[in-house]
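Chemist: Below is my_file_38.txt; it holds compact mmCIF, C-alpha atoms.
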```txt
# COMPACT_ATOMS: atom_id res chain seq x y z
CA MET A 1 -30.25 -2.63 -3.78
CA GLY A 2 -30.58 -4.18 -7.15
CA THR A 3 -34.06 -2.74 -7.75
CA MET A 4 -34.67 -2.26 -11.44
CA GLY A 5 -34.59 1.26 -12.75
CA LEU A 6 -32.57 2.69 -9.90
CA ALA A 7 -29.15 4.24 -10.23
CA LEU A 8 -26.62 1.96 -8.61
CA PRO A 9 -25.02 3.38 -5.47
CA TRP A 10 -21.45 2.68 -6.53
CA LYS A 11 -21.87 5.03 -9.51
CA ALA A 12 -22.01 7.90 -7.05
CA ARG A 13 -19.10 10.32 -7.11
CA ILE A 14 -18.48 12.86 -4.41
CA SER A 15 -17.50 16.45 -4.93
CA SER A 16 -14.97 18.01 -2.63
CA VAL A 17 -17.23 20.81 -1.40
CA PRO A 18 -20.64 20.63 0.19
CA ARG A 19 -23.42 21.92 -2.02
CA GLU A 20 -26.07 24.37 -1.06
CA ARG A 21 -29.60 23.07 -1.31
CA GLY A 22 -30.46 25.10 -4.39
CA THR A 23 -27.48 23.80 -6.38
CA ARG A 24 -27.76 20.13 -5.45
CA VAL A 25 -27.91 18.06 -8.64
CA GLU A 26 -29.90 14.89 -8.40
CA PRO A 27 -29.15 11.93 -10.68
CA SER A 28 -32.13 12.44 -12.98
CA GLU A 29 -30.73 15.84 -13.96
CA HIS A 30 -27.12 14.76 -13.63
CA PHE A 31 -27.15 11.99 -16.22
CA ALA A 32 -29.40 13.72 -18.74
CA GLY A 33 -27.69 14.45 -22.04
CA GLY A 34 -24.68 12.16 -21.75
CA PRO A 35 -21.62 12.22 -19.54
CA ASN A 36 -21.04 15.37 -17.55
CA PRO A 37 -17.47 16.68 -18.13
CA ALA A 38 -17.23 17.84 -14.50
CA ALA A 39 -18.22 14.37 -13.32
CA VAL A 40 -15.62 12.77 -15.59
CA ASP A 41 -12.97 15.11 -14.14
CA ALA A 42 -14.09 14.25 -10.62
CA GLN A 43 -13.85 10.54 -11.44
CA SER A 44 -10.33 10.78 -12.78
CA GLU A 45 -9.31 12.97 -9.84
CA ASP A 46 -10.81 10.40 -7.48
CA ALA A 47 -8.99 7.54 -9.23
CA ALA A 48 -5.71 9.47 -9.15
CA LEU A 49 -6.12 10.15 -5.43
CA ALA A 50 -6.86 6.46 -4.78
CA ALA A 51 -3.78 5.41 -6.77
CA ALA A 52 -1.56 7.89 -4.92
CA CYS A 53 -2.88 6.71 -1.55
CA ARG A 54 -2.34 3.08 -2.60
CA SER A 55 1.30 3.86 -3.38
CA GLY A 56 1.69 5.05 0.21
CA ASP A 57 2.22 8.69 -0.71
CA LEU A 58 1.55 10.71 2.46
CA CYS A 59 0.95 13.84 0.36
CA ALA A 60 -2.07 12.08 -1.16
CA TYR A 61 -3.51 11.56 2.31
CA GLU A 62 -2.85 15.20 3.05
CA ARG A 63 -4.77 16.09 -0.13
CA LEU A 64 -7.64 13.88 0.99
CA TYR A 65 -7.59 15.64 4.35
CA ALA A 66 -7.42 19.11 2.77
CA THR A 67 -10.47 18.43 0.60
CA HIS A 68 -12.60 16.35 2.95
CA GLY A 69 -11.10 16.58 6.46
CA ALA A 70 -13.33 19.39 7.75
CA ARG A 71 -16.48 17.76 6.40
CA MET A 72 -15.43 14.36 7.78
CA LYS A 73 -14.82 15.88 11.20
CA ASN A 74 -18.13 17.74 11.19
CA LEU A 75 -20.01 14.57 10.21
CA ALA A 76 -18.23 12.57 12.91
CA ARG A 77 -18.96 15.26 15.49
CA ASN A 78 -22.66 15.19 14.61
CA LEU A 79 -22.71 11.39 14.75
CA LEU A 80 -20.73 11.09 17.97
CA GLY A 81 -21.71 14.30 19.76
CA ASN A 82 -18.31 15.71 20.68
CA PRO A 83 -15.19 16.97 18.90
CA ILE A 84 -12.70 14.73 20.73
CA ASP A 85 -14.38 11.49 19.70
CA ALA A 86 -14.86 12.99 16.24
CA GLU A 87 -11.12 13.64 15.80
CA ASP A 88 -10.34 10.11 17.01
CA ALA A 89 -12.81 8.68 14.51
CA VAL A 90 -11.38 10.70 11.61
CA GLN A 91 -7.82 9.68 12.51
CA GLU A 92 -8.89 6.03 12.77
CA THR A 93 -10.58 6.37 9.38
CA PHE A 94 -7.34 7.57 7.77
CA LEU A 95 -5.48 4.63 9.32
CA LYS A 96 -8.14 2.18 8.12
CA VAL A 97 -7.97 3.66 4.61
CA HIS A 98 -4.19 3.23 4.71
CA ARG A 99 -4.48 -0.38 5.89
CA SER A 100 -7.21 -1.42 3.48
CA ILE A 101 -6.41 0.57 0.34
CA GLY A 102 -4.86 -2.58 -1.17
CA GLY A 103 -8.29 -4.20 -1.08
CA PHE A 104 -10.10 -1.23 -2.63
CA ARG A 105 -11.30 -2.43 -6.03
CA GLY A 106 -12.85 0.78 -7.31
CA GLN A 107 -16.43 -0.52 -7.16
CA SER A 108 -17.42 2.80 -5.61
CA SER A 109 -15.64 6.12 -5.72
CA PHE A 110 -12.63 6.28 -3.40
CA VAL A 111 -14.15 9.14 -1.45
CA THR A 112 -17.52 7.34 -1.05
CA TRP A 113 -15.56 4.39 0.27
CA THR A 114 -13.68 6.66 2.69
CA TYR A 115 -16.90 8.17 4.04
CA ARG A 116 -18.37 4.67 4.40
CA ILE A 117 -15.37 3.74 6.55
CA LEU A 118 -15.85 6.93 8.59
CA ILE A 119 -19.53 6.19 9.21
CA ASN A 120 -18.76 2.60 10.24
CA THR A 121 -15.97 3.84 12.50
CA CYS A 122 -18.43 6.22 14.17
CA TYR A 123 -20.94 3.36 14.62
CA ASP A 124 -18.19 1.26 16.22
CA ALA A 125 -17.18 4.12 18.51
CA ARG A 126 -20.79 4.63 19.56
CA ARG A 127 -21.23 0.93 20.27
CA SER A 128 -18.01 0.81 22.25
CA ARG A 129 -19.05 3.89 24.25
CA LEU A 130 -22.42 2.31 24.93
CA ARG A 131 -20.76 -0.90 26.14
CA LYS A 132 -18.52 1.09 28.48
CA LYS A 133 -21.57 2.90 29.85
CA GLU A 134 -23.32 -0.42 30.43
CA VAL A 135 -20.31 -1.76 32.27
CA ALA A 136 -20.28 1.37 34.43
CA ASN A 137 -24.01 0.84 35.09
CA GLU A 138 -24.87 4.21 33.75
CA ASP A 139 -28.45 3.82 32.68
CA SER A 140 -28.51 6.73 30.29
CA GLU A 141 -29.73 6.89 26.72
CA GLU A 142 -27.25 7.33 23.87
CA THR A 143 -27.61 11.02 23.20
CA PRO A 144 -24.92 13.19 21.68
CA GLY A 145 -23.40 15.68 24.07
CA LEU A 146 -24.01 19.36 23.51
CA GLU A 147 -20.64 20.85 22.69
CA PRO A 148 -19.83 24.46 21.91
CA ARG A 149 -19.64 25.11 18.20
CA ALA A 150 -18.75 27.89 15.82
CA PRO A 151 -19.46 31.39 17.04
CA GLY A 152 -22.50 32.79 15.31
CA ALA A 153 -24.45 29.55 15.46
CA HIS A 154 -27.91 29.87 17.02
CA PRO A 155 -27.47 27.88 20.28
CA THR A 156 -31.14 27.30 21.11
CA LEU A 157 -32.08 26.15 17.64
CA ARG A 158 -28.96 24.00 17.41
CA MET A 159 -29.62 22.34 20.76
CA ALA A 160 -33.26 21.72 19.95
CA LEU A 161 -32.26 20.20 16.63
CA GLU A 162 -29.59 18.00 18.24
CA ARG A 163 -32.08 16.72 20.82
CA ALA A 164 -34.65 16.01 18.14
CA LEU A 165 -32.05 14.27 15.94
CA ALA A 166 -31.09 12.01 18.84
CA LYS A 167 -34.66 10.69 18.88
CA LEU A 168 -34.65 9.69 15.21
CA THR A 169 -33.69 6.21 14.05
CA GLN A 170 -30.02 5.77 13.20
CA HIS A 171 -30.69 5.70 9.45
CA GLN A 172 -32.94 8.76 9.56
CA ARG A 173 -30.32 10.69 11.52
CA ASP A 174 -27.52 9.64 9.17
CA VAL A 175 -29.42 10.53 6.00
CA PHE A 176 -30.56 13.88 7.44
CA LEU A 177 -27.00 14.80 8.46
CA LEU A 178 -25.48 13.70 5.16
CA TYR A 179 -28.09 15.45 3.01
CA GLU A 180 -29.11 18.56 4.88
CA VAL A 181 -25.94 19.33 6.84
CA GLU A 182 -23.12 18.00 4.67
CA GLY A 183 -24.83 18.60 1.33
CA PHE A 184 -24.37 15.17 -0.23
CA ARG A 185 -26.65 13.96 -3.03
CA HIS A 186 -28.96 11.01 -2.56
CA ALA A 187 -26.83 9.00 -5.03
CA GLU A 188 -23.78 9.63 -2.84
CA ILE A 189 -25.62 8.83 0.38
CA ALA A 190 -26.91 5.62 -1.17
CA GLY A 191 -23.31 4.59 -1.85
CA MET A 192 -22.19 5.42 1.68
CA LEU A 193 -25.04 3.77 3.55
CA GLU A 194 -25.44 0.89 1.09
CA MET A 195 -29.08 1.63 0.32
CA THR A 196 -30.95 2.69 -2.81
CA GLU A 197 -31.49 6.30 -3.77
CA THR A 198 -35.23 5.83 -3.35
CA ALA A 199 -34.67 4.53 0.18
CA SER A 200 -32.43 7.53 0.91
CA LYS A 201 -35.13 9.96 -0.31
CA ASN A 202 -37.83 8.17 1.67
CA THR A 203 -35.69 8.06 4.82
CA LEU A 204 -35.01 11.79 4.55
CA PHE A 205 -38.71 12.47 4.09
CA GLN A 206 -39.58 10.43 7.19
CA ALA A 207 -36.76 12.10 9.15
CA LYS A 208 -38.00 15.59 8.29
CA LYS A 209 -41.59 14.68 9.09
CA SER A 210 -40.53 13.40 12.52
CA LEU A 211 -38.33 16.44 13.15
CA ARG A 212 -41.20 18.76 12.27
CA GLN A 213 -43.45 17.01 14.75
CA MET A 214 -40.80 17.21 17.45
CA LEU A 215 -39.73 20.79 16.83
CA GLU A 216 -43.06 22.47 16.19
CA PRO A 217 -45.71 20.98 18.49
CA PRO A 218 -46.68 24.14 20.41
CA ARG A 219 -47.29 26.20 17.27
CA ARG A 220 -49.27 23.39 15.59
CA SER A 221 -51.48 22.77 18.59
CA ALA A 222 -52.17 26.48 18.86
CA ALA A 223 -53.21 26.58 15.24
CA GLU A 224 -55.43 23.56 15.69
CA SER A 225 -57.18 25.06 18.75
CA ARG A 226 -58.10 28.15 16.81
CA MET B 1 -47.91 22.15 -14.46
CA ASN B 2 -50.78 22.02 -11.98
CA VAL B 3 -50.35 20.68 -8.50
CA THR B 4 -52.84 20.37 -5.66
CA CYS B 5 -52.57 19.99 -1.89
CA SER B 6 -52.58 16.20 -2.31
CA ASP B 7 -49.32 16.36 -4.34
CA ARG B 8 -47.49 18.21 -1.57
CA GLU B 9 -46.00 15.28 0.36
CA ARG B 10 -44.94 13.44 -2.79
CA ILE B 11 -43.12 16.58 -3.96
CA PHE B 12 -41.49 16.94 -0.53
CA GLU B 13 -40.21 13.38 -0.84
CA ASP B 14 -39.09 13.24 -4.46
CA GLY B 15 -40.21 16.30 -6.39
CA THR B 16 -38.40 17.65 -9.45
CA SER B 17 -37.43 21.33 -9.71
CA ALA B 18 -40.45 21.94 -11.94
CA GLU B 19 -42.78 20.30 -9.43
CA TRP B 20 -41.30 22.39 -6.61
CA ALA B 21 -41.87 25.55 -8.65
CA ALA B 22 -45.46 24.50 -9.30
CA LEU B 23 -45.97 23.79 -5.58
CA GLU B 24 -44.63 27.24 -4.67
CA ALA B 25 -47.02 28.82 -7.19
CA HIS B 26 -49.90 26.83 -5.68
CA ALA B 27 -48.81 27.87 -2.15
CA ALA B 28 -49.22 31.53 -3.09
CA SER B 29 -52.97 30.96 -3.04
CA CYS B 30 -53.18 28.15 -0.42
CA ALA B 31 -52.43 29.11 3.20
CA LEU B 32 -52.02 25.51 4.39
CA CYS B 33 -49.52 24.59 1.67
CA ALA B 34 -47.69 27.90 2.18
CA GLU B 35 -47.24 27.06 5.88
CA GLU B 36 -46.15 23.48 5.11
CA VAL B 37 -43.60 24.59 2.50
CA ARG B 38 -42.22 27.23 4.87
CA ALA B 39 -41.83 24.73 7.69
CA TRP B 40 -40.25 22.14 5.38
CA LYS B 41 -37.68 24.64 4.12
CA ALA B 42 -37.03 25.94 7.63
CA LEU B 43 -35.68 22.51 8.59
CA SER B 44 -33.06 22.72 5.85
CA VAL B 45 -32.08 26.19 7.03
CA ALA B 46 -31.91 25.02 10.64
CA ALA B 47 -29.71 22.08 9.63
CA LYS B 48 -26.96 24.53 8.70
CA GLU B 49 -26.63 25.25 12.43
CA LEU B 50 -24.99 21.84 12.70
CA ARG B 51 -22.30 22.78 10.20
CA ASP B 52 -18.94 23.82 11.64
CA TYR B 53 -15.97 23.53 9.30
CA SER B 54 -13.54 25.42 11.51
CA ASP B 55 -9.97 24.23 11.09
CA SER B 56 -7.82 22.69 13.79
CA PRO B 57 -4.15 23.29 12.85
CA SER B 58 -2.79 20.48 15.01
CA PHE B 59 -5.12 17.85 13.63
CA TRP B 60 -3.44 17.01 10.31
CA PRO B 61 0.07 16.71 11.89
CA ARG B 62 -1.45 14.25 14.38
CA ILE B 63 -2.94 12.13 11.59
CA GLU B 64 0.27 12.37 9.58
CA ARG B 65 2.31 11.07 12.53
CA ALA B 66 -0.08 8.17 13.01
CA LEU B 67 0.11 7.33 9.29
CA ALA B 68 3.91 7.44 9.34
CA GLU B 69 3.99 5.07 12.33
CA GLU B 70 1.48 2.82 10.61
CA ALA B 71 3.62 2.67 7.47
CA ALA B 72 6.51 0.95 9.29
CA PRO B 73 6.29 -2.76 8.34
CA TRP B 74 7.09 -4.08 11.80
CA ALA B 75 4.37 -1.87 13.25
CA ARG B 76 1.90 -3.44 10.81
CA LEU B 77 2.99 -6.89 11.81
CA ARG B 78 2.74 -5.99 15.48
CA ARG B 79 -0.77 -4.64 14.87
CA TRP B 80 -1.78 -7.91 13.22
CA PHE B 81 -0.39 -9.94 16.06
CA SER B 82 -2.41 -7.81 18.50
CA PHE B 83 -5.31 -9.82 17.04
CA PHE B 84 -4.12 -12.68 19.27
CA SER B 85 -5.01 -10.72 22.38
CA ASN B 86 -8.67 -11.07 21.40
CA LEU B 87 -8.42 -14.87 21.39
CA SER B 88 -9.27 -17.05 24.36
CA MET B 89 -6.47 -18.20 26.66
CA GLY B 90 -6.65 -21.75 25.24
CA TRP B 91 -6.16 -20.54 21.69
CA GLN B 92 -3.36 -18.21 22.74
CA THR B 93 -1.54 -21.06 24.49
CA GLY B 94 -2.03 -23.36 21.50
CA LEU B 95 -0.79 -20.78 19.02
CA ALA B 96 2.17 -19.85 21.21
CA GLY B 97 3.07 -23.57 21.46
CA ALA B 98 2.79 -23.96 17.70
CA PHE B 99 5.02 -20.95 17.16
CA VAL B 100 7.68 -22.29 19.53
CA LEU B 101 7.51 -25.65 17.73
CA ILE B 102 7.93 -23.96 14.35
CA LEU B 103 10.94 -22.02 15.61
CA THR B 104 12.50 -25.16 17.11
CA VAL B 105 11.98 -27.19 13.95
CA SER B 106 13.23 -24.43 11.70
CA THR B 107 16.31 -23.87 13.84
CA GLY B 108 16.99 -27.60 13.79
CA TRP B 109 16.42 -27.74 10.03
CA ILE B 110 19.20 -25.24 9.49
CA PHE B 111 21.63 -26.40 12.19
CA LEU B 112 21.26 -30.16 11.70
CA GLY B 113 22.14 -29.89 8.05
CA GLY B 114 25.67 -30.89 9.26
CA PRO B 115 28.63 -28.80 10.37
CA SER B 116 29.88 -28.41 6.80
CA LYS B 117 26.43 -27.25 5.66
CA GLY B 118 25.57 -25.21 8.74
CA VAL B 119 27.13 -22.22 10.39
CA GLY B 120 30.81 -21.68 10.81
CA ASN B 121 32.59 -22.39 14.07
CA GLY B 122 34.12 -18.94 14.43
CA ASP B 123 31.02 -16.81 14.03
CA GLN B 124 27.69 -18.42 14.88
CA SER B 125 25.71 -15.80 13.02
CA LEU B 126 27.49 -16.15 9.67
CA LEU B 127 26.81 -18.80 7.06
CA LYS B 128 29.64 -20.18 4.93
CA SER B 129 29.27 -19.74 1.19
CA SER B 130 28.55 -23.43 0.44
CA ALA B 131 25.95 -23.57 3.21
CA LEU B 132 24.56 -20.26 2.00
CA LYS B 133 23.96 -21.74 -1.44
CA GLU B 134 22.08 -24.66 0.08
CA VAL B 135 19.99 -22.39 2.29
CA GLU B 136 19.15 -20.19 -0.66
CA SER B 137 18.21 -23.11 -2.90
CA ALA B 138 16.08 -24.64 -0.11
CA GLU B 139 14.46 -21.27 0.42
CA THR B 140 13.70 -20.91 -3.28
CA ALA B 141 12.15 -24.39 -3.42
CA TYR B 142 10.14 -23.68 -0.28
CA GLU B 143 8.98 -20.34 -1.64
CA ARG B 144 7.87 -21.98 -4.91
CA ALA B 145 5.87 -24.56 -2.98
CA ILE B 146 4.22 -21.81 -0.95
CA ASP B 147 3.43 -19.90 -4.15
CA LYS B 148 1.59 -22.99 -5.42
CA LEU B 149 -0.38 -23.07 -2.20
CA ALA B 150 -1.09 -19.33 -2.55
CA ALA B 151 -2.39 -19.88 -6.10
CA GLN B 152 -4.90 -22.42 -4.76
CA ALA B 153 -6.07 -20.07 -2.02
CA ARG B 154 -6.20 -16.97 -4.24
CA PRO B 155 -9.90 -17.25 -5.31
CA GLN B 156 -11.00 -17.23 -1.64
CA LEU B 157 -8.64 -14.40 -0.75
CA ASP B 158 -9.45 -12.16 -3.71
CA ASN B 159 -13.16 -12.26 -2.88
CA PRO B 160 -13.30 -13.05 0.83
CA ALA B 161 -16.77 -14.35 1.66
CA THR B 162 -16.39 -14.05 5.43
CA PRO B 163 -14.68 -11.63 7.84
CA LEU B 164 -12.33 -14.47 8.81
CA LEU B 165 -11.11 -14.82 5.20
CA ALA B 166 -10.73 -11.04 4.96
CA ASN B 167 -8.63 -11.19 8.12
CA TYR B 168 -6.46 -13.96 6.63
CA HIS B 169 -6.07 -11.83 3.51
CA GLU B 170 -4.86 -8.89 5.56
CA LYS B 171 -2.50 -11.12 7.52
CA LEU B 172 -1.00 -12.50 4.29
CA VAL B 173 -0.49 -8.98 2.93
CA VAL B 174 1.37 -8.07 6.11
CA LEU B 175 3.41 -11.29 6.00
CA ASP B 176 4.32 -10.70 2.34
CA SER B 177 5.43 -7.20 3.20
CA ALA B 178 7.55 -8.46 6.11
CA ILE B 179 9.01 -11.23 3.90
CA ALA B 180 9.91 -8.66 1.24
CA ASP B 181 11.64 -6.50 3.86
CA LEU B 182 13.55 -9.43 5.29
CA ARG B 183 14.56 -10.60 1.82
CA ALA B 184 15.87 -7.13 1.07
CA GLN B 185 17.85 -7.14 4.31
CA ALA B 186 19.11 -10.67 3.62
CA GLY B 187 20.20 -9.50 0.16
CA LEU B 188 22.38 -6.86 1.77
CA ASN B 189 23.72 -9.25 4.37
CA PRO B 190 23.40 -12.79 2.92
CA SER B 191 25.48 -14.52 5.61
CA ASN B 192 23.38 -13.38 8.55
CA ALA B 193 21.80 -16.56 9.87
CA GLN B 194 19.46 -14.64 12.18
CA LEU B 195 17.78 -13.00 9.21
CA ARG B 196 17.37 -16.43 7.59
CA TYR B 197 15.66 -17.79 10.69
CA GLN B 198 13.28 -14.87 10.73
CA LEU B 199 12.60 -15.32 7.03
CA LEU B 200 11.93 -19.02 7.51
CA ALA B 201 9.55 -18.32 10.39
CA MET B 202 7.66 -15.86 8.16
CA TYR B 203 7.44 -18.40 5.34
CA GLN B 204 6.13 -21.02 7.72
CA GLU B 205 3.58 -18.63 9.14
CA LYS B 206 2.48 -17.89 5.58
CA GLN B 207 2.24 -21.60 4.81
CA HIS B 208 0.08 -22.23 7.88
CA THR B 209 -2.15 -19.30 7.07
CA LEU B 210 -2.67 -20.53 3.52
CA GLU B 211 -3.44 -24.00 4.83
CA GLU B 212 -6.03 -22.53 7.17
CA VAL B 213 -7.59 -20.61 4.25
CA LEU B 214 -7.83 -23.82 2.24
CA GLU B 215 -9.31 -25.66 5.23
CA ALA B 216 -11.87 -22.87 5.67
CA ARG B 217 -12.94 -23.45 2.06
CA GLN B 218 -13.50 -27.17 2.64
CA ARG B 219 -15.62 -26.51 5.73
```
Output the file's structure as structure tokens, nothing else.
Modeler:
Amino acid sequence: MGTMGLALPWKARISSVPRERGTRVEPSEHFAGGPNPAAVDAQSEDAALAAACRSGDLCAYERLYATHGARMKNLARNLLGNPIDAEDAVQETFLKVHRSIGGFRGQSSFVTWTYRILINTCYDARRSRLRKKEVANEDSEETPGLEPRAPGAHPTLRMALERALAKLTQHQRDVFLLYEVEGFRHAEIAGMLEMTETASKNTLFQAKKSLRQMLEPPRRSAAESR
Amino acid sequence: MNVTCSDRERIFEDGTSAEWAALEAHAASCALCAEEVRAWKALSVAAKELRDYSDSPSFWPRIERALAEEAAPWARLRRWFSFFSNLSMGWQTGLAGAFVLILTVSTGWIFLGGPSKGVGNGDQSLLKSSALKEVESAETAYERAIDKLAAQARPQLDNPATPLLANYHEKLVVLDSAIADLRAQAGLNPSNAQLRYQLLAMYQEKQHTLEEVLEARQR
């Protein structure tokens, strides 16, 4: 952080819906030609939501859940590997937001801050689960469980991808999930993971390179042998 | 814009829309780049398999209940005091002893003010009006003194440099909230001595916390 010429992470604002790859707007496009009216709206909406949550209004938390709950739960499930732990993590995140909202100074967007809390809560849950496993002398690697998901999903591809993701570094996995699955922009991810946008792009690149190697070895070796 | 095979990885990492378009045009005549672009995009498509936004109707009510429980001030205070369970037995004993001492001193402070200044003989829980005035003026003076202490500690608490200071900050927020609740209750029932004891204990806890914050700064 603090590298010259880079957009600062706390400028990132998060939209309420995940974007498709083709419509993702990166900062270089986003800030061209002055302030974007949609971004200004999103900022004021974000500030209003933060203020309502700070006042203790439960309806504001419900609004936060309605706009981001499903995405938060999906992210937590991919980070923790099962829906039960994911729901616990999301609930704990809401409680932490409620407890700490008084200390939120608006240095990042409220929603970025919320997702940062969620990610840290998932890290804590993973660490705690690992500690429990160590105590129980279960010498198994930390790999997310393979839980049933939405009907229509391709189970083999999903399982292969989950196994491959488990072998990535924590940062690579997080950036891949946030960008490719949840549809966040690099500027937003930078704010959540407290890294620069350049680092986020580079981490995604490395993650995808590793995933390619893990997911496509038979086809590649066949091509090479020809 | 012209791109070559050597630009491919850079574009994968941080290419603009124009560069991607140029790479796709190049891939139309380069089998290797065409395969690489296909595989790169396939990962993004595959990632969507990990997306499941199905709703769980019972989940929000569960969060809402937890938030409502959390909002109760005594629950917040109880949660903060659960912090003590993480301390070693020696610290727990020391803190428990200090708390008992504070309660004893504060009880004595109110009762030993003399029978005419203390509680009435008929009802031990009610304060007489003259005693009430003294208690209130003592409380006000005590509160002012604590406010001065709080002003000195504010720079550390507004920008806590360590997790310990952040923890103190959270504790003080909870204490202030509990004090405000007790003051409101005492306003409705000014002669209730029990409420005054509780209020005094809260003020003393706040004073000790602020002292610890100031000591942490000197360390």
Chemist: Can you work out which one of B:Leu182, B:Leu165, B:Ile102, B:Ala131 has the shortest atom-to-atom distance to Gln194 (chain B), counting all atoms listed in the file?
Modeler: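 When distances to Gln194 (chain B) are compared using all atoms listed in the file, the smallest one comes from B:Leu182.
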Chemist: Around (-3.0, -4.5, 1.0), as given in the file, which residues come within 10 Å? Count only C-alpha atoms and list them as a PDB file with C-alpha atoms, in the coordinates of the input.
Modeler:
```pdb
ATOM      1  CA  ARG A  54      -2.340   3.080  -2.600  1.00  0.00           C
ATOM      2  CA  HIS A  98      -4.190   3.230   4.710  1.00  0.00           C
ATOM      3  CA  ARG A  99      -4.480  -0.380   5.890  1.00  0.00           C
ATOM      4  CA  SER A 100      -7.210  -1.420   3.480  1.00  0.00           C
ATOM      5  CA  ILE A 101      -6.410   0.570   0.340  1.00  0.00           C
ATOM      6  CA  GLY A 102      -4.860  -2.580  -1.170  1.00  0.00           C
ATOM      7  CA  GLY A 103      -8.290  -4.200  -1.080  1.00  0.00           C
ATOM      8  CA  PHE A 104     -10.100  -1.230  -2.630  1.00  0.00           C
TER       9      PHE A 104
ATOM     10  CA  HIS B 169      -6.070 -11.830   3.510  1.00  0.00           C
ATOM     11  CA  GLU B 170      -4.860  -8.890   5.560  1.00  0.00           C
ATOM     12  CA  LYS B 171      -2.500 -11.120   7.520  1.00  0.00           C
ATOM     13  CA  LEU B 172      -1.000 -12.500   4.290  1.00  0.00           C
ATOM     14  CA  VAL B 173      -0.490  -8.980   2.930  1.00  0.00           C
ATOM     15  CA  VAL B 174       1.370  -8.070   6.110  1.00  0.00           C
ATOM     16  CA  ASP B 176       4.320 -10.700   2.340  1.00  0.00           C
ATOM     17  CA  SER B 177       5.430  -7.200   3.200  1.00  0.00           C
TER      18      SER B 177
END
```
Chemist: Hey, can you check how far CA of Thr114 (chain A) sits from CA of Trp60 (chain B)?
Modeler: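 Taking CA of Thr114 (chain A) as the start and CA of Trp60 (chain B) as the end point, the length is 16.4 Å.
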Chemist: Rank nothing, just name the residue among A:Glu197, A:Asp174, A:Glu180, A:Glu134 nearest to chain B, using all atoms listed in the file.
Modeler: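 Using all atoms listed in the file, the shortest distance to chain B belongs to A:Glu180.
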Chemist: With a distance threshold of 8 Å and counting all atoms listed in the file, extract the residues of chain B near chain A and express them as a list in words.
Modeler: Phe12, Glu13, Asp14, Ala39, Trp40, Leu43, Ser44, Ala46, Ala47, Lys48, Glu49, Leu50, Arg51, Asp52, Tyr53, Ser54, Asp55, Phe59, Trp60, Ile63, Glu64, Ala66, Leu67, Ala68, Glu70 and Ala71 of chain B
Chemist: Compare A:Val175, A:Val135, A:Leu168, A:Ala60 by their minimum atom-to-atom distance to Val97 (chain A), counting only C-alpha atoms, and give me the closest one.
Modeler: A:Ala60
Chemist: The residues within 12 Å of (12.8, -22.6, 13.4), using all atoms listed in the file and the coordinates of the file, should be reported as a PyMOL selection string; which are they?
Modeler: chain B and resi 98-112+193-205
Chemist: Tell me, in Å to one decimal, how far CA of Ser58 (chain B) is from CA of Ser55 (chain A).
Modeler: 25.1 Å
Chemist: Please compute the CA of Leu157 (chain B)-CA of Cys122 (chain A) distance, one decimal, in Å.
Modeler: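 CA of Cys122 (chain A) lies at a distance of 27.3 Å from CA of Leu157 (chain B).
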